[in-house]
Amino acid sequence: MKSLLVSLAAATAFAATCSHAADAWPTRPVRILFGFPAASATDVIARVVGQKLSDKWGQPVVIDNRPGAGGNLGSEMAARAPADGYTIFFGTVANAISTSLYSKLNYDYLKDFTPITLVATTPLVLVANPSLPVNNVKDLVAYAKAHPGKLNFGSGGVGTSNHLAGEMFKASTGTDLVHVAYKGTPAAYSDLFSGQVSLMWDNIVAVTPHVIAGRLKPLAVTSTHRAASLPNVPTMEESGLPGFEAVSWIGALVPAGTPKAVVDKIYTDLVAVLRMPDVKEKLGVLGAEVVGNTPEQFAAWNRNEITKWSKAVKDSGAHID
């Protein structure tokens, strides 16, 4: 009986210590780390969210851009970070794609991280150079079939979401489009503006300013519903491609082994930030749809996304050693 009481007392003391640690956390700067450069969609969203978390926590929230290897350089760094809550990883659709695209990764996206919440989703937008004589997806399919192999589409690299969205479109429509891979989307945009590239699928956050400026012509969004920031642009499904969905997304995770009390605090505070009207408004203007679901729901999302994109990778034949 005495030993049982001692054990219960120890457990109670441990729980109290964990609770106190969570109450005290954070006592120093927190970083949001991800594998993409400044001005990327992930970066823009991280800065909006990070500033609000900094205000809430009374500590600086540092944005740590670690681009390279399709986002995997930053992902590996985050997976190896101390499991103390001071590194929050912003995972993306690139992580779901990489699990099947790469023959070997130095981290395991499902095992090395504890999910917090899906922060936001952002559709891709199919855009065309304004000189291309098409105004919608139906026109594009007809034009592509009348000129097989003559149209090309750019992407930020082999196996990126904007590459695989193009491959999904080809498979869905039976069209022959030529993929042109670039080392990042800035170079692809340059050729798209000049007309050397006809089409591109890219994140709505990056695309919208060019659409508003008239540099690009939007044909469709890849979400199941229209985007609030581009309400006149139809979905792929409305354009005659039922079931076509290929959204980008950003989710918050921490290294596996982070104390549950700290995980719970990050979740509570992050979701509170995402529910702030001004945050929703800022991200909505960019075309991002705020989510803020539970860790369990985000975990299920990750598994489903890996399954969906692995099929797209296999069908495209894309592979990186």
# chains A, B, ... in the order shown; residues from 1 in each chain; ligands from 1
>>> select_by_dssp(residues="region 48-122 of chain A", states="strand (DSSP E)", output="ChimeraX atom specification")
/A:61-65,87-92,113-122
>>> closest_atom_pairs(of="region 9-87 of chain A", to="region 151-171 of chain A", cutoff="12 Å", atoms="only C-alpha atoms", output="JSON lines")
{"residue": "A:Phe36", "atom": "CA", "partner": "A:Gly156", "partner_atom": "CA", "distance": 11.9}
{"residue": "A:Ser40", "atom": "CA", "partner": "A:Gly156", "partner_atom": "CA", "distance": 12.0}
{"residue": "A:Gly68", "atom": "CA", "partner": "A:Gly157", "partner_atom": "CA", "distance": 11.7}
{"residue": "A:Ala69", "atom": "CA", "partner": "A:Gly157", "partner_atom": "CA", "distance": 10.2}
{"residue": "A:Gly70", "atom": "CA", "partner": "A:Thr160", "partner_atom": "CA", "distance": 7.6}
{"residue": "A:Gly71", "atom": "CA", "partner": "A:Thr160", "partner_atom": "CA", "distance": 10.0}
>>> write_last_selection(atoms="N, CA, C and O atoms", output="PDB file, in the first residue's frame")
ATOM      1  N   PHE A  36      11.509  26.315 -47.314  1.00  0.00           N
ATOM      2  CA  PHE A  36      11.251  27.145 -48.479  1.00  0.00           C
ATOM      3  C   PHE A  36      11.754  28.567 -48.252  1.00  0.00           C
ATOM      4  O   PHE A  36      11.884  29.010 -47.114  1.00  0.00           O
ATOM      5  N   SER A  40       7.952  32.900 -50.260  1.00  0.00           N
ATOM      6  CA  SER A  40       7.147  31.752 -50.666  1.00  0.00           C
ATOM      7  C   SER A  40       5.825  31.801 -49.901  1.00  0.00           C
ATOM      8  O   SER A  40       5.679  32.548 -48.926  1.00  0.00           O
ATOM      9  N   GLY A  68      15.945  24.041 -49.980  1.00  0.00           N
ATOM     10  CA  GLY A  68      16.857  23.080 -50.583  1.00  0.00           C
ATOM     11  C   GLY A  68      16.262  21.696 -50.641  1.00  0.00           C
ATOM     12  O   GLY A  68      15.485  21.299 -49.772  1.00  0.00           O
ATOM     13  N   ALA A  69      16.606  20.960 -51.702  1.00  0.00           N
ATOM     14  CA  ALA A  69      16.179  19.572 -51.888  1.00  0.00           C
ATOM     15  C   ALA A  69      14.663  19.414 -51.804  1.00  0.00           C
ATOM     16  O   ALA A  69      14.151  18.506 -51.148  1.00  0.00           O
ATOM     17  N   GLY A  70      13.940  20.318 -52.464  1.00  0.00           N
ATOM     18  CA  GLY A  70      12.487  20.210 -52.493  1.00  0.00           C
ATOM     19  C   GLY A  70      11.831  20.345 -51.138  1.00  0.00           C
ATOM     20  O   GLY A  70      10.767  19.773 -50.896  1.00  0.00           O
ATOM     21  N   GLY A  71      12.457  21.098 -50.244  1.00  0.00           N
ATOM     22  CA  GLY A  71      11.921  21.279 -48.896  1.00  0.00           C
ATOM     23  C   GLY A  71      12.451  20.279 -47.890  1.00  0.00           C
ATOM     24  O   GLY A  71      12.209  20.403 -46.684  1.00  0.00           O
TER      25      GLY A  71
END
>>> select_by_dssp(residues="region 61-235 of chain A", states="alpha helix (DSSP H)", output="number ranges by chain")
A: 72-79, 93-101, 137-146, 161-173, 185-194, 204-212
>>> closest_atom_pairs(of="region 185-298 of chain A", to="region 308-319 of chain A", cutoff="12 Å", atoms="only C-alpha atoms", output="tab-separated table")
residue	atom	partner	partner_atom	distance
A:Phe244	CA	A:Lys308	CA	11.6
A:Glu245	CA	A:Lys308	CA	10.0
A:Ala246	CA	A:Trp309	CA	8.9
A:Val247	CA	A:Trp309	CA	10.8
A:Ser248	CA	A:Trp309	CA	11.4
>>> residues_around(residues="Glu305 (chain A)", least_positions_apart="4", cutoff="8 Å", atoms="only C-alpha atoms", output="CSV table (one decimal) with all heavy atoms, in the first residue's frame")
chain,number,residue,atom,x,y,z
A,93,VAL,N,2.6,20.2,-48.5
A,93,VAL,CA,2.3,19.1,-49.4
A,93,VAL,C,3.5,18.5,-50.0
A,93,VAL,O,3.5,17.3,-50.4
A,93,VAL,CB,1.4,19.7,-50.6
A,93,VAL,CG1,2.1,20.7,-51.4
A,93,VAL,CG2,0.9,18.6,-51.5
A,96,ALA,N,4.3,15.3,-48.2
A,96,ALA,CA,3.5,14.2,-48.6
A,96,ALA,C,4.0,13.6,-50.0
A,96,ALA,O,4.1,12.4,-50.1
A,96,ALA,CB,2.0,14.6,-48.8
A,301,TRP,N,-5.2,13.5,-42.1
A,301,TRP,CA,-4.9,14.3,-43.4
A,301,TRP,C,-3.6,13.9,-44.0
A,301,TRP,O,-3.5,13.7,-45.2
A,301,TRP,CB,-5.0,15.8,-43.0
A,301,TRP,CG,-4.6,16.7,-44.2
A,301,TRP,CD1,-3.3,17.1,-44.5
A,301,TRP,CD2,-5.4,17.4,-45.1
A,301,TRP,NE1,-3.3,17.9,-45.6
A,301,TRP,CE2,-4.6,18.1,-46.0
A,301,TRP,CE3,-6.8,17.4,-45.3
A,301,TRP,CZ2,-5.1,18.9,-47.0
A,301,TRP,CZ3,-7.3,18.2,-46.4
A,301,TRP,CH2,-6.4,18.9,-47.2
A,309,TRP,N,-0.9,11.5,-53.3
A,309,TRP,CA,0.2,12.0,-54.1
A,309,TRP,C,1.1,10.9,-54.5
A,309,TRP,O,1.8,11.0,-55.5
A,309,TRP,CB,0.9,13.1,-53.3
A,309,TRP,CG,0.2,14.4,-53.2
A,309,TRP,CD1,-0.5,14.9,-52.2
A,309,TRP,CD2,0.0,15.3,-54.3
A,309,TRP,NE1,-1.1,16.1,-52.5
A,309,TRP,CE2,-0.8,16.4,-53.8
A,309,TRP,CE3,0.4,15.4,-55.6
A,309,TRP,CZ2,-1.2,17.5,-54.6
A,309,TRP,CZ3,0.0,16.5,-56.4
A,309,TRP,CH2,-0.8,17.5,-55.9
>>> closest_residue(among="A:Arg80, A:His147, A:Lys56, A:Lys138", to="Tyr107 (chain A)", atoms="only C-alpha atoms")
A:Arg80
>>> residues_around(residues="Ala300 (chain A)", least_positions_apart="4", cutoff="12 Å", atoms="only C-alpha atoms", output="PDB file with N, CA and C atoms, in the first residue's frame")
ATOM      1  N   LEU A 110       6.097  10.852 -41.018  1.00  0.00           N
ATOM      2  CA  LEU A 110       5.054  10.392 -40.099  1.00  0.00           C
ATOM      3  C   LEU A 110       5.595  10.033 -38.717  1.00  0.00           C
ATOM      4  N   PRO A 115       2.049  15.797 -35.038  1.00  0.00           N
ATOM      5  CA  PRO A 115       1.206  16.816 -35.676  1.00  0.00           C
ATOM      6  C   PRO A 115       0.524  17.723 -34.658  1.00  0.00           C
ATOM      7  N   ILE A 116       0.409  19.002 -35.010  1.00  0.00           N
ATOM      8  CA  ILE A 116      -0.289  19.976 -34.170  1.00  0.00           C
ATOM      9  C   ILE A 116      -1.641  20.328 -34.797  1.00  0.00           C
ATOM     10  N   THR A 117      -1.589  20.937 -35.978  1.00  0.00           N
ATOM     11  CA  THR A 117      -2.831  21.307 -36.669  1.00  0.00           C
ATOM     12  C   THR A 117      -2.536  21.644 -38.118  1.00  0.00           C
ATOM     13  N   LEU A 118      -3.535  21.450 -38.970  1.00  0.00           N
ATOM     14  CA  LEU A 118      -3.460  21.920 -40.351  1.00  0.00           C
ATOM     15  C   LEU A 118      -3.745  23.416 -40.318  1.00  0.00           C
ATOM     16  N   ASN A 293      -7.563  22.437 -37.439  1.00  0.00           N
ATOM     17  CA  ASN A 293      -8.232  21.219 -36.955  1.00  0.00           C
ATOM     18  C   ASN A 293      -7.452  20.585 -35.808  1.00  0.00           C
ATOM     19  N   THR A 294      -7.903  19.420 -35.338  1.00  0.00           N
ATOM     20  CA  THR A 294      -7.255  18.760 -34.205  1.00  0.00           C
ATOM     21  C   THR A 294      -6.002  18.010 -34.663  1.00  0.00           C
ATOM     22  N   PRO A 295      -5.102  17.689 -33.730  1.00  0.00           N
ATOM     23  CA  PRO A 295      -3.928  16.890 -34.096  1.00  0.00           C
ATOM     24  C   PRO A 295      -4.305  15.560 -34.738  1.00  0.00           C
ATOM     25  N   GLU A 296      -5.357  14.933 -34.230  1.00  0.00           N
ATOM     26  CA  GLU A 296      -5.794  13.648 -34.785  1.00  0.00           C
ATOM     27  C   GLU A 296      -6.297  13.818 -36.218  1.00  0.00           C
ATOM     28  N   ASN A 304      -3.736  10.523 -45.652  1.00  0.00           N
ATOM     29  CA  ASN A 304      -4.518  10.564 -46.888  1.00  0.00           C
ATOM     30  C   ASN A 304      -3.763  11.269 -48.011  1.00  0.00           C
ATOM     31  N   GLU A 305      -3.067  12.350 -47.670  1.00  0.00           N
ATOM     32  CA  GLU A 305      -2.314  13.091 -48.682  1.00  0.00           C
ATOM     33  C   GLU A 305      -1.157  12.260 -49.243  1.00  0.00           C
ATOM     34  N   ILE A 306      -0.503  11.507 -48.373  1.00  0.00           N
ATOM     35  CA  ILE A 306       0.592  10.646 -48.831  1.00  0.00           C
ATOM     36  C   ILE A 306       0.063   9.610 -49.822  1.00  0.00           C
ATOM     37  N   THR A 307      -1.100   9.046 -49.516  1.00  0.00           N
ATOM     38  CA  THR A 307      -1.697   8.060 -50.422  1.00  0.00           C
ATOM     39  C   THR A 307      -2.058   8.689 -51.769  1.00  0.00           C
TER      40      THR A 307
END
>>> residues_around(residues="Pro148 (chain A)", least_positions_apart="3", cutoff="12 Å", atoms="only C-alpha atoms", output="MDAnalysis selection string")
chainID A and resid 140:145 151:152 170 174:178
>>> residues_around(residues="Ser103 (chain A)", least_positions_apart="5", cutoff="9 Å", atoms="only C-alpha atoms", output="number ranges by chain")
A: 98, 319-321
>>> residues_around(residues="region 45-52 of chain A", least_positions_apart="2", cutoff="10 Å", atoms="only C-alpha atoms", output="short mmCIF file (atom, residue, chain, number, x, y, z; two decimals) with C-alpha atoms, in the first residue's frame")
data_model
loop_
_atom_site.label_atom_id
_atom_site.label_comp_id
_atom_site.auth_asym_id
_atom_site.auth_seq_id
_atom_site.Cartn_x
_atom_site.Cartn_y
_atom_site.Cartn_z
CA VAL A 30 10.68 30.05 -30.64
CA ARG A 31 11.46 29.38 -34.27
CA ILE A 32 9.16 28.34 -37.11
CA LEU A 33 11.31 26.33 -39.47
CA PHE A 34 10.48 25.18 -43.00
CA ALA A 38 11.49 34.06 -48.23
CA ALA A 39 8.40 35.31 -50.07
CA SER A 40 7.15 31.75 -50.67
CA ALA A 41 3.54 30.99 -49.67
CA THR A 42 4.78 29.12 -46.58
CA ASP A 43 6.96 32.09 -45.60
CA SER A 54 4.96 36.28 -30.52
CA ASP A 55 2.40 38.74 -29.15
CA LYS A 56 0.63 35.94 -27.28
CA TRP A 57 3.78 34.35 -25.83
CA GLY A 58 5.76 37.49 -25.09
CA GLN A 59 8.75 35.95 -26.87
CA PRO A 60 10.19 36.47 -30.36
CA VAL A 61 9.04 33.96 -32.97
CA VAL A 62 11.83 33.66 -35.50
CA ILE A 63 11.11 32.59 -39.08
CA ASP A 64 13.86 30.17 -40.15
CA PHE A 90 5.70 24.01 -40.98
CA VAL A 119 -2.88 25.67 -40.59
CA ALA A 120 -4.27 26.45 -44.03
CA VAL A 205 -0.78 33.00 -53.03
CA ILE A 250 0.68 24.09 -44.60
CA ALA A 252 2.31 22.78 -37.92
CA ASP A 269 -2.52 29.03 -28.79
CA LEU A 270 -2.02 28.40 -32.51
CA ALA A 272 -6.66 30.69 -31.14
CA VAL A 273 -4.45 32.75 -33.47
CA LEU A 274 -5.94 31.12 -36.56
CA MET A 276 -8.58 35.73 -35.05
CA ASP A 278 -7.69 39.77 -38.80
CA VAL A 279 -5.59 36.63 -39.37
CA LYS A 282 -5.05 38.57 -44.10
CA LEU A 283 -4.69 34.96 -45.17
CA LEU A 286 -3.86 35.80 -50.16
CA ALA A 288 -5.44 30.79 -48.16
#
>>> atom_distance(atom1="CA of Thr224 (chain A)", atom2="CA of Gly287 (chain A)")
13.9 Å
